[in-house]
Amino acid sequence: MTKSFHAVQALKGVSFELREGEVHALLGENGAGKSTLIKVITGAHAPDSGTIEVGGCVVSSLTPVSAHAMGIACIYQQPALFPDLTVTENIGLRLDPPGGLLRVRWGDRRRRASELLQRVGAAISPDSEVRSLSMPEQQLVEIACALGAGARIVIMDEPTASLTLREQRLLFDVVRDLRSRGVGVIYISHRLEEIFALADRVTVLRDGQSVATHDLPKAGAENPSQAGLTEKELIRLMVGRDVQSAGATEPVPAGADRLSLRGIGCASSGVRDVSFSVRSGEVVGLAGLVGAGRTELARILFGITPASSGEILIDGQRVSIHSPLDAIALGIGYVPEDRRRHGLVLEMPVASNISMAVHSSFFRWGWVRRVAESKLADGFIDRLSIKCADSQAAGSSLSGGNQQKVALARWLATKPSVLVLDEPTQGVDVGAKSEIHRIIRDLAREGVAVLVISSDLPEVLQVSDRILVMRGGAVVSELPGGSAPDRVMAAALGKSEVAS
Amino acid sequence: MNLPSPHPSQTRSGVRWYLRHETLLAVLVLVEILIFASLGRRFGTADNAANIVRHSVEIGLLALVMTPIILTGGIDLSVGSVLGLCAVLFGKLWRDAGFPPWLAGVATIGIGSLCGAFNALLIARFRLPPLIVTLGTFSLFRGLAEAVTQGVDAFTNFPESFLFLGGGQLAGLPTQAWILVIAAVGLWITVHRMTFGRSLRTIGFSPEGARFAGLPVERRLVTCYVLAGAVAGVAALTYTARFGTAKADAGMGYELFAITGVVLGGTRILGGVGTIHGTLLGVAAVAILANGLTRVPSLMNIAGELSGMLTGIVLVLALAAGLVPSMIAARRPAPRDSLSTRNSTTTPSA
Amino acid sequence: MRNYFRELCVLAALFLMLILLAIFAPNFFELQPLQSRLTAAAPKLLLACGVALVIVAREIDISIGSLFALAGSGAAMAAAAGLSFPAAVAVALIIGLAGGAINGALVAGLRLPSIVVTLATMVIWREGLRLGQQGVFINLPPGTQWFGLSMAAGQGVVCGIAFGTLLLLALATRHLAAGRFIYAVGSDDEAARLAGISPRITRFFVFLLMGFLAGMGAVLNMVQSPQVDPNSGRGLELEAIAAAVVGGVAVTGGRGRLWGVLAGLLLLLCIGPALTYAGVRPYWEKAIQGGIILAAVVADGLRRQR
């Protein structure tokens, strides 16, 4: 059984092949095209060109339903389960034949559920409500669904991102069990050790292209030195050799510490004991993998989820931040990661979005001054070269890059002294991206302390004066601005020995 | 009649002014007036106009304060019950506690605010769904009114000075109309000219987006519900003055009339879109219909029922009409947005 | 057991109430008044079950009181016009189904918000009925009351039908795939679609069922007296919703059991008599009902946040 195809637009020519009874790892930076590839395979996106073959037959159009019928199952990081229903029922609804007038055989359902749960090694009662399960437990339920559906191709998108060690081992057993049953598994993970322990082959994606496909040594006869070599190679393949490591940043004379964090922790969001400072006029990059705790840290700084321990200092003064209002009053701005849900209010015009965070200072006595507001907005539209019909155009009518610039303008309008940017160029085209980078540098030159969270390694390297790497909710490494990309990646992956 | 809409972008961006909901509604009101003026007997008299206004002040007030709440995506089913409780307590304070009417009136408005604050506490602080919270307080406040009056007690014989509020005229208008005018102007300014109204729309469109922009979401919600309670207290006073009695069933069902006026006025029930003048037009359309039908000889006997039925039908039509702009928008090519490029943009900039 | 916690709380409250009544007002349990009370509550039970399922599907229906009156009056008029009793019943059920279908089409088909749609249909049915009937009671032909049986037997039949329907619905929502679809759709639209369930069809079906139950409730109400009051059913929607919410149906959708709704309804019904027997003025009933609804909502909210 193979599945191969070429070329979609977001993917610029990917060839990928999955054999029967194989665990095929898919590696790549965030944004390298892995998720698009998955969407193509599960039928959520149609490829613009190229072919897909399943079991030797060319599949002309793959829809979610037909993909499901062909035995393709995907386990996402965010499980699509019914939170109010029990595990038994969640599995049952997914696996029972469709048809409203059938009798629900609870006994069979329950038996099947507990059997499947046992097979994935989950210590979950089939009668517990999904709402009460932890995220990894929910993932195990998803895997149980895939198992029960008799999937021939199982895609796992970072399944271990939130699992404990014990759960991981159980999951590996499940994957090996699947392989021995002839199921093809596409395994996506950033953790190299998992890939070496589990995968038979690995394909590296970069910039929407498949860079290389390699066989991996059999996990049983592992030769550590050989594996180490391959690990290094893999990291190189992922980041690309041609990335300029230094140079793009001109040094800015940094001032005194503007923002200092001392032992910041938050139990609910998993941030642990984070301490660092950002000086005025400095751009600090916060690198790490998705789920490393970077966004969570930003939310602590902005008062969305206040810290449970540690202290925050602004200009050496201890401050308490319990809400975004506190943060704004202290001169902190935050451009969030999800601009459609948090960064902007898409239904509202550009001008309103830009003035939103300065309501109390810009509009005296709460009086909306529309002319002044338009002027303010026009100023930013000029300065950031935002492309929109006029300042009264709805946010939703703008392209992604321009939306991001509006989100940025909102915080520039507050004249912040600390600006936190969370994935500032995600989903932004190349032109807008370099403009945003220029704005970031300009801000630093004006004396703003900038914290840039980005999963885009070249970006972090290019804009930052200093790079902090987070892993597992803690800052694990601090590197100078011009560091080699593989050192950053290695730190983010937790492979300090690879650093050369 | 045709109020200029000052916020083209905030009401329905991209919809021409003559297709805007408020304009169509104003036309509907005009048509109603023309029809009833030609068919009805003594419809166009100043007396009758005053009559219409007198009868719609309470519903108008409740609809006005319901508008900000619905703008935030909430709802308040308890305003009619608050009115009832306030009316009864006003009577109690005046007759049994011996308060002078003005003091009892001030206290009544305070009681209304407290009722609103109770709703606000449950909705903003405990983050419970407004629909079901105010359904509970709908029962609770009406029940308290019944408990206070033992179901039968009615307060009457209010002094002439107080009844002036319900039956008198001031500068050519019914006295209570001035309250409606003040409330309308005040709310219009706060909702359409102040950042307050702006933040309500923002909350209605996206509560999360409002929070991330640093808007005081909780405080805004509290203000809206407390204001609704306070104004329900004011409406209780005009209601009592108009009827001359305060009973536990005062204002029963008014919450539904108010919501009807708001939704008919073009406010989106999910929040974000809506205008104060739209609400006024919505209330006017219903009030004129109800009054006009009583003036048409052949329909006089069934006027109440017919106007109710027509109101319901117009409400459904208004809702369905609200779908049209989004249908048109769906036909237009969507702007190129990030969805198609999200996974392909992390190109190295070397 | 953990999954039944909410329903067990209601049951415990109900039993506590019954014990208190047994101690302080033993004559509450005399057969005849109790039987009458239960019979009077039978139509409410049907409406509460229906609206509970609507809420489980994350919608709301406040037109049911009006639809109840419309269906009852329609059936009574049909009977008064000389149609046979089964034909009159059919008229009530058809009116109910039609009303439900209209709500369903507007809500599920056009995706209009159910609160406003059913607000509008509530007014339309109610005023339409008043327009047609002018509030005049409709006299039923002899032999219609209590199905032509003795009062005791008739009461038995009414209660039997109501509880039988409850039992059937409870079984269907538990053991029929379609019943589970309602919970699935109310719990998560997206996951439902992934599992091959159509949220639109499911929601339409729920409104249809609601209409049917309103029609049935109207029939059970009609047979209890020699006349039908076209003004009946006012405020019934709120009583039904209150019973559902108190009985553990979550307003956020996807949760709730019909026997919990039964417990909730009985608990609310006990308040009036309990007050009377306890010597408290009965005028407190509504306030206490409101308090119980709020207590249930707050408890659910706190439990969800934890």
# chains A, B, ... in the order shown; residues from 1 in each chain; ligands from 1
>>> interface_residues(of="chain A", to="chain C", cutoff="10 Å", atoms="only C-alpha atoms", output="PyMOL selection string")
chain A and resi 64-65+68+79-86+89-106+127-129+131
>>> interface_residues(of="chain C", to="chain B", cutoff="8 Å", atoms="only C-alpha atoms", output="ChimeraX atom specification")
/C:110,112-113,116-117,119-128,130-131,238,242,251,281,283-291,293-294,297-298,301-302
>>> write_last_selection(atoms="N, CA and C atoms", output="mmCIF file, in the first residue's frame")
data_model
loop_
_atom_site.group_PDB
_atom_site.id
_atom_site.type_symbol
_atom_site.label_atom_id
_atom_site.label_comp_id
_atom_site.auth_asym_id
_atom_site.auth_seq_id
_atom_site.Cartn_x
_atom_site.Cartn_y
_atom_site.Cartn_z
ATOM 1 N N LEU C 110 -32.813 27.936 8.378
ATOM 2 C CA LEU C 110 -32.270 29.265 8.085
ATOM 3 C C LEU C 110 -31.223 29.703 9.099
ATOM 4 N N LEU C 112 -31.604 30.792 12.119
ATOM 5 C CA LEU C 112 -31.962 31.991 12.886
ATOM 6 C C LEU C 112 -31.892 31.626 14.364
ATOM 7 N N PRO C 113 -31.601 32.603 15.212
ATOM 8 C CA PRO C 113 -31.509 32.302 16.644
ATOM 9 C C PRO C 113 -32.845 31.833 17.201
ATOM 10 N N VAL C 116 -35.309 34.190 19.366
ATOM 11 C CA VAL C 116 -36.156 35.186 18.710
ATOM 12 C C VAL C 116 -37.217 34.520 17.852
ATOM 13 N N VAL C 117 -36.836 33.455 17.152
ATOM 14 C CA VAL C 117 -37.813 32.772 16.313
ATOM 15 C C VAL C 117 -38.991 32.304 17.150
ATOM 16 N N LEU C 119 -39.833 33.320 20.076
ATOM 17 C CA LEU C 119 -40.541 34.486 20.628
ATOM 18 C C LEU C 119 -41.598 34.957 19.633
ATOM 19 N N ALA C 120 -41.198 35.019 18.364
ATOM 20 C CA ALA C 120 -42.144 35.469 17.346
ATOM 21 C C ALA C 120 -43.287 34.479 17.173
ATOM 22 N N THR C 121 -42.954 33.190 17.060
ATOM 23 C CA THR C 121 -44.043 32.224 16.855
ATOM 24 C C THR C 121 -44.936 32.158 18.090
ATOM 25 N N MET C 122 -44.346 32.363 19.251
ATOM 26 C CA MET C 122 -45.166 32.397 20.459
ATOM 27 C C MET C 122 -46.248 33.471 20.348
ATOM 28 N N VAL C 123 -45.839 34.665 19.926
ATOM 29 C CA VAL C 123 -46.803 35.761 19.804
ATOM 30 C C VAL C 123 -47.805 35.456 18.691
ATOM 31 N N ILE C 124 -47.303 34.929 17.579
ATOM 32 C CA ILE C 124 -48.198 34.694 16.434
ATOM 33 C C ILE C 124 -49.275 33.673 16.799
ATOM 34 N N TRP C 125 -48.878 32.543 17.375
ATOM 35 C CA TRP C 125 -49.892 31.525 17.717
ATOM 36 C C TRP C 125 -50.891 32.088 18.724
ATOM 37 N N ARG C 126 -50.346 32.752 19.738
ATOM 38 C CA ARG C 126 -51.220 33.233 20.811
ATOM 39 C C ARG C 126 -52.231 34.247 20.280
ATOM 40 N N GLU C 127 -51.732 35.217 19.523
ATOM 41 C CA GLU C 127 -52.630 36.264 19.043
ATOM 42 C C GLU C 127 -53.550 35.733 17.958
ATOM 43 N N GLY C 128 -53.019 34.830 17.148
ATOM 44 C CA GLY C 128 -53.863 34.220 16.135
ATOM 45 C C GLY C 128 -55.042 33.503 16.768
ATOM 46 N N ARG C 130 -56.301 34.112 19.742
ATOM 47 C CA ARG C 130 -57.212 35.092 20.325
ATOM 48 C C ARG C 130 -58.066 35.731 19.246
ATOM 49 N N LEU C 131 -57.451 35.942 18.098
ATOM 50 C CA LEU C 131 -58.160 36.525 16.975
ATOM 51 C C LEU C 131 -59.313 35.633 16.559
ATOM 52 N N LEU C 238 -42.208 28.702 30.501
ATOM 53 C CA LEU C 238 -41.235 28.981 31.552
ATOM 54 C C LEU C 238 -41.243 27.889 32.606
ATOM 55 N N ALA C 242 -38.054 25.713 33.421
ATOM 56 C CA ALA C 242 -37.585 25.656 34.808
ATOM 57 C C ALA C 242 -37.430 24.212 35.260
ATOM 58 N N VAL C 251 -27.836 24.239 30.270
ATOM 59 C CA VAL C 251 -28.210 25.185 29.213
ATOM 60 C C VAL C 251 -27.118 25.295 28.164
ATOM 61 N N ARG C 281 -47.752 31.859 53.213
ATOM 62 C CA ARG C 281 -48.680 32.286 52.185
ATOM 63 C C ARG C 281 -48.246 31.719 50.833
ATOM 64 N N TYR C 283 -48.286 32.919 48.100
ATOM 65 C CA TYR C 283 -47.789 33.911 47.136
ATOM 66 C C TYR C 283 -46.288 33.843 46.974
ATOM 67 N N TRP C 284 -45.623 33.146 47.866
ATOM 68 C CA TRP C 284 -44.169 33.032 47.763
ATOM 69 C C TRP C 284 -43.752 31.997 46.719
ATOM 70 N N GLU C 285 -44.730 31.259 46.190
ATOM 71 C CA GLU C 285 -44.371 30.119 45.344
ATOM 72 C C GLU C 285 -43.471 30.517 44.183
ATOM 73 N N LYS C 286 -43.885 31.574 43.478
ATOM 74 C CA LYS C 286 -43.139 31.961 42.281
ATOM 75 C C LYS C 286 -41.724 32.398 42.627
ATOM 76 N N ALA C 287 -41.605 33.181 43.705
ATOM 77 C CA ALA C 287 -40.286 33.645 44.121
ATOM 78 C C ALA C 287 -39.392 32.459 44.457
ATOM 79 N N ILE C 288 -39.965 31.485 45.154
ATOM 80 C CA ILE C 288 -39.158 30.333 45.539
ATOM 81 C C ILE C 288 -38.781 29.513 44.305
ATOM 82 N N GLN C 289 -39.719 29.409 43.360
ATOM 83 C CA GLN C 289 -39.381 28.728 42.100
ATOM 84 C C GLN C 289 -38.210 29.411 41.420
ATOM 85 N N GLY C 290 -38.285 30.743 41.359
ATOM 86 C CA GLY C 290 -37.177 31.482 40.752
ATOM 87 C C GLY C 290 -35.878 31.229 41.491
ATOM 88 N N GLY C 291 -35.971 31.228 42.819
ATOM 89 C CA GLY C 291 -34.776 30.973 43.621
ATOM 90 C C GLY C 291 -34.190 29.604 43.331
ATOM 91 N N ILE C 293 -34.505 27.855 40.541
ATOM 92 C CA ILE C 293 -33.876 27.879 39.214
ATOM 93 C C ILE C 293 -32.486 28.490 39.317
ATOM 94 N N LEU C 294 -32.403 29.633 39.999
ATOM 95 C CA LEU C 294 -31.109 30.307 40.106
ATOM 96 C C LEU C 294 -30.106 29.428 40.840
ATOM 97 N N VAL C 297 -28.821 26.887 38.490
ATOM 98 C CA VAL C 297 -27.924 27.456 37.481
ATOM 99 C C VAL C 297 -26.567 27.778 38.099
ATOM 100 N N VAL C 298 -26.607 28.382 39.294
ATOM 101 C CA VAL C 298 -25.341 28.739 39.940
ATOM 102 C C VAL C 298 -24.558 27.478 40.272
ATOM 103 N N GLY C 301 -23.013 26.208 37.209
ATOM 104 C CA GLY C 301 -21.923 27.084 36.783
ATOM 105 C C GLY C 301 -20.666 26.860 37.611
ATOM 106 N N LEU C 302 -20.833 26.738 38.909
ATOM 107 C CA LEU C 302 -19.673 26.538 39.775
ATOM 108 C C LEU C 302 -19.038 25.185 39.487
#
>>> select_by_dssp(residues="range 176-295 of chain C", states="helix (DSSP H, G or I)", output="NGL selection string")
:C and (177-187 or 189-194 or 199-222 or 236-246 or 258-278 or 282-295)
>>> closest_atom_pairs(of="chain A", to="chain B", cutoff="8 Å", atoms="only C-alpha atoms", output="Markdown table")
| residue | atom | partner | partner_atom | distance |
| --- | --- | --- | --- | --- |
| A:Ala10 | CA | B:Ser344 | CA | 4.9 |
| A:Leu11 | CA | B:Ser344 | CA | 6.8 |
| A:Asn30 | CA | B:Thr346 | CA | 7.9 |
| A:Gly31 | CA | B:Asn343 | CA | 5.0 |
| A:Ala32 | CA | B:Thr346 | CA | 6.6 |
| A:Gly33 | CA | B:Asn343 | CA | 5.4 |
| A:Lys34 | CA | B:Asn343 | CA | 7.9 |
| A:Ser35 | CA | B:Asn343 | CA | 7.0 |
| A:Thr36 | CA | B:Asn343 | CA | 6.3 |
| A:Asp207 | CA | B:Thr347 | CA | 5.7 |
| A:Gly208 | CA | B:Ser344 | CA | 6.2 |
| A:Asp242 | CA | B:Ala350 | CA | 7.6 |
| A:Val243 | CA | B:Ala350 | CA | 5.9 |
| A:Gln244 | CA | B:Ala350 | CA | 6.0 |
| A:Ile304 | CA | B:Phe212 | CA | 7.8 |
| A:Ser323 | CA | B:Gly214 | CA | 7.8 |
| A:Pro324 | CA | B:Gly214 | CA | 4.8 |
| A:Leu325 | CA | B:Gly214 | CA | 5.1 |
| A:Ile328 | CA | B:Gly214 | CA | 7.1 |
| A:Pro336 | CA | B:Phe212 | CA | 7.8 |
| A:Arg341 | CA | B:Gly209 | CA | 6.0 |
| A:His342 | CA | B:Gly209 | CA | 4.3 |
| A:Gly343 | CA | B:Gly209 | CA | 6.4 |
| A:Leu344 | CA | B:Gly209 | CA | 6.2 |
| A:Val345 | CA | B:Gly209 | CA | 5.8 |
| A:Glu347 | CA | B:Phe205 | CA | 7.0 |
| A:Met348 | CA | B:Gln10 | CA | 6.8 |
| A:Pro349 | CA | B:Ser9 | CA | 6.6 |
| A:Met356 | CA | B:Ala213 | CA | 6.2 |
| A:Ala357 | CA | B:Ala213 | CA | 5.3 |
| A:His359 | CA | B:Thr195 | CA | 6.6 |
| A:Phe363 | CA | B:Thr195 | CA | 7.4 |
| A:Gly366 | CA | B:Thr195 | CA | 5.1 |
| A:Trp367 | CA | B:Met194 | CA | 4.5 |
| A:Val368 | CA | B:Met194 | CA | 5.0 |
| A:Gln392 | CA | B:Ser9 | CA | 6.1 |
| A:Ala393 | CA | B:Ser9 | CA | 7.4 |
| A:Ala394 | CA | B:Ser13 | CA | 7.2 |
| A:Ser396 | CA | B:Pro335 | CA | 7.9 |
| A:Ser397 | CA | B:Pro335 | CA | 5.8 |
| A:Leu398 | CA | B:Pro335 | CA | 6.7 |
| A:Ser399 | CA | B:Asp337 | CA | 4.6 |
| A:Gly400 | CA | B:Ser338 | CA | 4.6 |
| A:Gly401 | CA | B:Ser338 | CA | 7.6 |
| A:Gln426 | CA | B:Arg342 | CA | 6.7 |
| A:Gly427 | CA | B:Arg342 | CA | 4.0 |
| A:Val428 | CA | B:Thr345 | CA | 6.4 |
| A:Asp429 | CA | B:Thr345 | CA | 6.1 |
| A:Val430 | CA | B:Thr345 | CA | 7.0 |
| A:Ser434 | CA | B:Ser349 | CA | 7.9 |
| A:Asp456 | CA | B:Thr346 | CA | 6.2 |
| A:Pro458 | CA | B:Pro348 | CA | 5.7 |
| A:Glu459 | CA | B:Pro348 | CA | 7.5 |
>>> write_last_selection(atoms="C-alpha atoms", output="PDB file, in the first residue's frame")
ATOM      1  CA  ALA A  10       1.051  25.642  -0.133  1.00  0.00           C
ATOM      2  CA  LEU A  11       3.192  22.630  -0.679  1.00  0.00           C
ATOM      3  CA  ASN A  30       6.609  24.759  12.345  1.00  0.00           C
ATOM      4  CA  GLY A  31       5.126  25.964   9.117  1.00  0.00           C
ATOM      5  CA  ALA A  32       7.166  23.704   6.893  1.00  0.00           C
ATOM      6  CA  GLY A  33       3.959  22.323   5.432  1.00  0.00           C
ATOM      7  CA  LYS A  34       3.265  19.347   7.630  1.00  0.00           C
ATOM      8  CA  SER A  35      -0.258  20.355   8.573  1.00  0.00           C
ATOM      9  CA  THR A  36      -1.136  21.114   4.971  1.00  0.00           C
ATOM     10  CA  ASP A 207       9.285  25.386   2.998  1.00  0.00           C
ATOM     11  CA  GLY A 208       6.597  23.172   1.575  1.00  0.00           C
ATOM     12  CA  ASP A 242      21.600  28.136   3.439  1.00  0.00           C
ATOM     13  CA  VAL A 243      20.183  30.167   6.333  1.00  0.00           C
ATOM     14  CA  GLN A 244      22.343  33.147   7.067  1.00  0.00           C
ATOM     15  CA  ILE A 304      -4.757  37.258  30.870  1.00  0.00           C
ATOM     16  CA  SER A 323      -5.681  42.065  33.915  1.00  0.00           C
ATOM     17  CA  PRO A 324      -4.870  43.433  30.469  1.00  0.00           C
ATOM     18  CA  LEU A 325      -5.916  46.837  31.818  1.00  0.00           C
ATOM     19  CA  ILE A 328      -1.686  48.512  29.348  1.00  0.00           C
ATOM     20  CA  PRO A 336      -1.499  37.815  20.282  1.00  0.00           C
ATOM     21  CA  ARG A 341      -9.927  35.550  17.518  1.00  0.00           C
ATOM     22  CA  HIS A 342      -7.798  37.719  19.783  1.00  0.00           C
ATOM     23  CA  GLY A 343      -5.682  40.126  17.804  1.00  0.00           C
ATOM     24  CA  LEU A 344      -8.479  41.926  15.995  1.00  0.00           C
ATOM     25  CA  VAL A 345     -12.211  42.258  16.023  1.00  0.00           C
ATOM     26  CA  GLU A 347     -16.186  42.795  12.059  1.00  0.00           C
ATOM     27  CA  MET A 348     -15.085  46.264  13.105  1.00  0.00           C
ATOM     28  CA  PRO A 349     -13.382  48.873  10.969  1.00  0.00           C
ATOM     29  CA  MET A 356      -9.212  50.030  20.713  1.00  0.00           C
ATOM     30  CA  ALA A 357      -6.414  49.817  23.249  1.00  0.00           C
ATOM     31  CA  HIS A 359      -9.877  54.160  24.479  1.00  0.00           C
ATOM     32  CA  PHE A 363     -10.796  59.625  23.800  1.00  0.00           C
ATOM     33  CA  GLY A 366     -15.098  58.632  26.656  1.00  0.00           C
ATOM     34  CA  TRP A 367     -16.084  60.776  23.698  1.00  0.00           C
ATOM     35  CA  VAL A 368     -15.364  59.166  20.330  1.00  0.00           C
ATOM     36  CA  GLN A 392     -13.388  52.535   7.777  1.00  0.00           C
ATOM     37  CA  ALA A 393     -12.961  49.233   5.955  1.00  0.00           C
ATOM     38  CA  ALA A 394     -13.900  46.207   8.037  1.00  0.00           C
ATOM     39  CA  SER A 396     -12.223  41.131   7.671  1.00  0.00           C
ATOM     40  CA  SER A 397     -11.766  42.744   4.266  1.00  0.00           C
ATOM     41  CA  LEU A 398      -7.997  42.883   4.728  1.00  0.00           C
ATOM     42  CA  SER A 399      -5.474  40.215   3.838  1.00  0.00           C
ATOM     43  CA  GLY A 400      -3.680  38.347   6.591  1.00  0.00           C
ATOM     44  CA  GLY A 401      -0.536  40.436   6.447  1.00  0.00           C
ATOM     45  CA  GLN A 426       2.351  33.719  10.977  1.00  0.00           C
ATOM     46  CA  GLY A 427       0.294  33.456   7.818  1.00  0.00           C
ATOM     47  CA  VAL A 428       1.811  36.625   6.409  1.00  0.00           C
ATOM     48  CA  ASP A 429       3.272  36.901   2.936  1.00  0.00           C
ATOM     49  CA  VAL A 430       6.968  37.480   2.376  1.00  0.00           C
ATOM     50  CA  SER A 434      10.090  41.814   6.002  1.00  0.00           C
ATOM     51  CA  ASP A 456      10.024  30.612  12.563  1.00  0.00           C
ATOM     52  CA  PRO A 458      15.185  32.286  10.553  1.00  0.00           C
ATOM     53  CA  GLU A 459      12.947  35.083  11.774  1.00  0.00           C
TER      54      GLU A 459
END
>>> residues_around(residues="Ser66 in chain A", least_positions_apart="3", cutoff="12 Å", atoms="only C-alpha atoms", output="list in words")
Ile41, Thr42, Gly43, Ala44, Val54, Val59, Ser60, Ser61, Leu62, Thr63, Ala69, Met70, Gly71, Ile72 and Ala73 of chain A; Gly196 of chain C
>>> atom_distance(atom1="CA of Trp146 in chain C", atom2="CA of Met222 in chain C")
8.9 Å
>>> residues_around(residues="Val181 in chain B", least_positions_apart="4", cutoff="12 Å", atoms="only C-alpha atoms", output="list of chain:residue names")
B:Val53, B:Val57, B:Gly60, B:Leu61, B:Leu64, B:Leu173, B:Pro174, B:Thr175, B:Gln176, B:Ala177, B:Val185, B:Gly186, B:Leu187, B:Trp188, B:Ile276, B:His277, B:Leu280
>>> write_last_selection(atoms="N, CA and C atoms", output="short mmCIF file (atom, residue, chain, number, x, y, z; two decimals), in the first residue's frame")
data_model
loop_
_atom_site.label_atom_id
_atom_site.label_comp_id
_atom_site.auth_asym_id
_atom_site.auth_seq_id
_atom_site.Cartn_x
_atom_site.Cartn_y
_atom_site.Cartn_z
N VAL B 53 -47.96 57.80 22.47
CA VAL B 53 -46.71 58.00 23.22
C VAL B 53 -46.89 57.53 24.67
N VAL B 57 -44.42 54.45 26.49
CA VAL B 57 -43.24 54.93 27.20
C VAL B 57 -42.53 53.81 27.96
N GLY B 60 -40.97 51.44 25.62
CA GLY B 60 -39.87 52.17 24.98
C GLY B 60 -38.65 52.24 25.89
N LEU B 61 -38.88 52.56 27.15
CA LEU B 61 -37.75 52.64 28.09
C LEU B 61 -37.06 51.29 28.22
N LEU B 64 -35.14 50.50 25.13
CA LEU B 64 -33.92 51.32 25.03
C LEU B 64 -32.78 50.71 25.84
N LEU B 173 -46.08 68.04 25.57
CA LEU B 173 -45.92 66.59 25.44
C LEU B 173 -46.41 65.92 26.72
N PRO B 174 -46.86 64.68 26.63
CA PRO B 174 -47.17 63.95 27.86
C PRO B 174 -45.94 63.95 28.77
N THR B 175 -46.19 64.10 30.07
CA THR B 175 -45.06 64.26 30.99
C THR B 175 -44.02 63.16 30.82
N GLN B 176 -44.53 61.89 30.79
CA GLN B 176 -43.55 60.80 30.79
C GLN B 176 -42.77 60.72 29.49
N ALA B 177 -43.31 61.38 28.44
CA ALA B 177 -42.57 61.36 27.18
C ALA B 177 -41.21 62.01 27.33
N VAL B 185 -32.07 60.19 24.16
CA VAL B 185 -30.93 61.04 23.77
C VAL B 185 -29.67 60.61 24.52
N GLY B 186 -29.84 60.39 25.82
CA GLY B 186 -28.69 59.97 26.61
C GLY B 186 -28.09 58.68 26.10
N LEU B 187 -28.94 57.69 25.85
CA LEU B 187 -28.44 56.40 25.39
C LEU B 187 -27.88 56.51 23.98
N TRP B 188 -28.54 57.32 23.15
CA TRP B 188 -28.04 57.45 21.78
C TRP B 188 -26.62 57.98 21.82
N ILE B 276 -29.76 52.63 18.59
CA ILE B 276 -30.79 53.12 19.49
C ILE B 276 -31.98 53.65 18.68
N HIS B 277 -31.70 54.40 17.60
CA HIS B 277 -32.83 54.93 16.83
C HIS B 277 -33.59 53.79 16.15
N LEU B 280 -35.99 52.62 18.73
CA LEU B 280 -37.12 53.53 18.85
C LEU B 280 -38.10 53.32 17.71
#
>>> select_by_dssp(residues="range 53-227 of chain A", states="strand (DSSP E or B)", output="PyMOL selection string")
chain A and resi 53-54+57-59+72-75+86+103+129+153-157+184-188+201-206+209-215
>>> atom_distance(atom1="CA of Ala151 in chain A", atom2="CA of Leu289 in chain A")
29.2 Å
>>> atom_distance(atom1="CA of Ile288 in chain B", atom2="CA of Glu32 in chain B")
7.2 Å
>>> closest_residue(among="C:Val249, C:Ala274, C:Leu31, C:Ala218", to="Cys49 in chain C", atoms="only C-alpha atoms")
C:Val249
>>> closest_residue(among="A:Thr305, A:Ser260, A:Ser455, A:Ser361", to="Ala292 in chain A", atoms="only C-alpha atoms")
A:Ser455
>>> residues_around(residues="Thr213 in chain A", least_positions_apart="6", cutoff="7 Å", atoms="only C-alpha atoms", output="PyMOL selection string")
chain A and resi 202-204
>>> decode(residues="range 111-127 of chain C", atoms="C-alpha atoms", output="PDB file, in the first residue's frame")
ATOM      1  CA  ARG C 111     -30.039  29.215  11.188  1.00  0.00           C
ATOM      2  CA  LEU C 112     -31.962  31.991  12.886  1.00  0.00           C
ATOM      3  CA  PRO C 113     -31.509  32.302  16.644  1.00  0.00           C
ATOM      4  CA  SER C 114     -34.084  30.094  18.326  1.00  0.00           C
ATOM      5  CA  ILE C 115     -34.843  32.559  21.114  1.00  0.00           C
ATOM      6  CA  VAL C 116     -36.156  35.186  18.710  1.00  0.00           C
ATOM      7  CA  VAL C 117     -37.813  32.772  16.313  1.00  0.00           C
ATOM      8  CA  THR C 118     -39.781  31.111  19.066  1.00  0.00           C
ATOM      9  CA  LEU C 119     -40.541  34.486  20.628  1.00  0.00           C
ATOM     10  CA  ALA C 120     -42.144  35.469  17.346  1.00  0.00           C
ATOM     11  CA  THR C 121     -44.043  32.224  16.855  1.00  0.00           C
ATOM     12  CA  MET C 122     -45.166  32.397  20.459  1.00  0.00           C
ATOM     13  CA  VAL C 123     -46.803  35.761  19.804  1.00  0.00           C
ATOM     14  CA  ILE C 124     -48.198  34.694  16.434  1.00  0.00           C
ATOM     15  CA  TRP C 125     -49.892  31.525  17.717  1.00  0.00           C
ATOM     16  CA  ARG C 126     -51.220  33.233  20.811  1.00  0.00           C
ATOM     17  CA  GLU C 127     -52.630  36.264  19.043  1.00  0.00           C
TER      18      GLU C 127
END
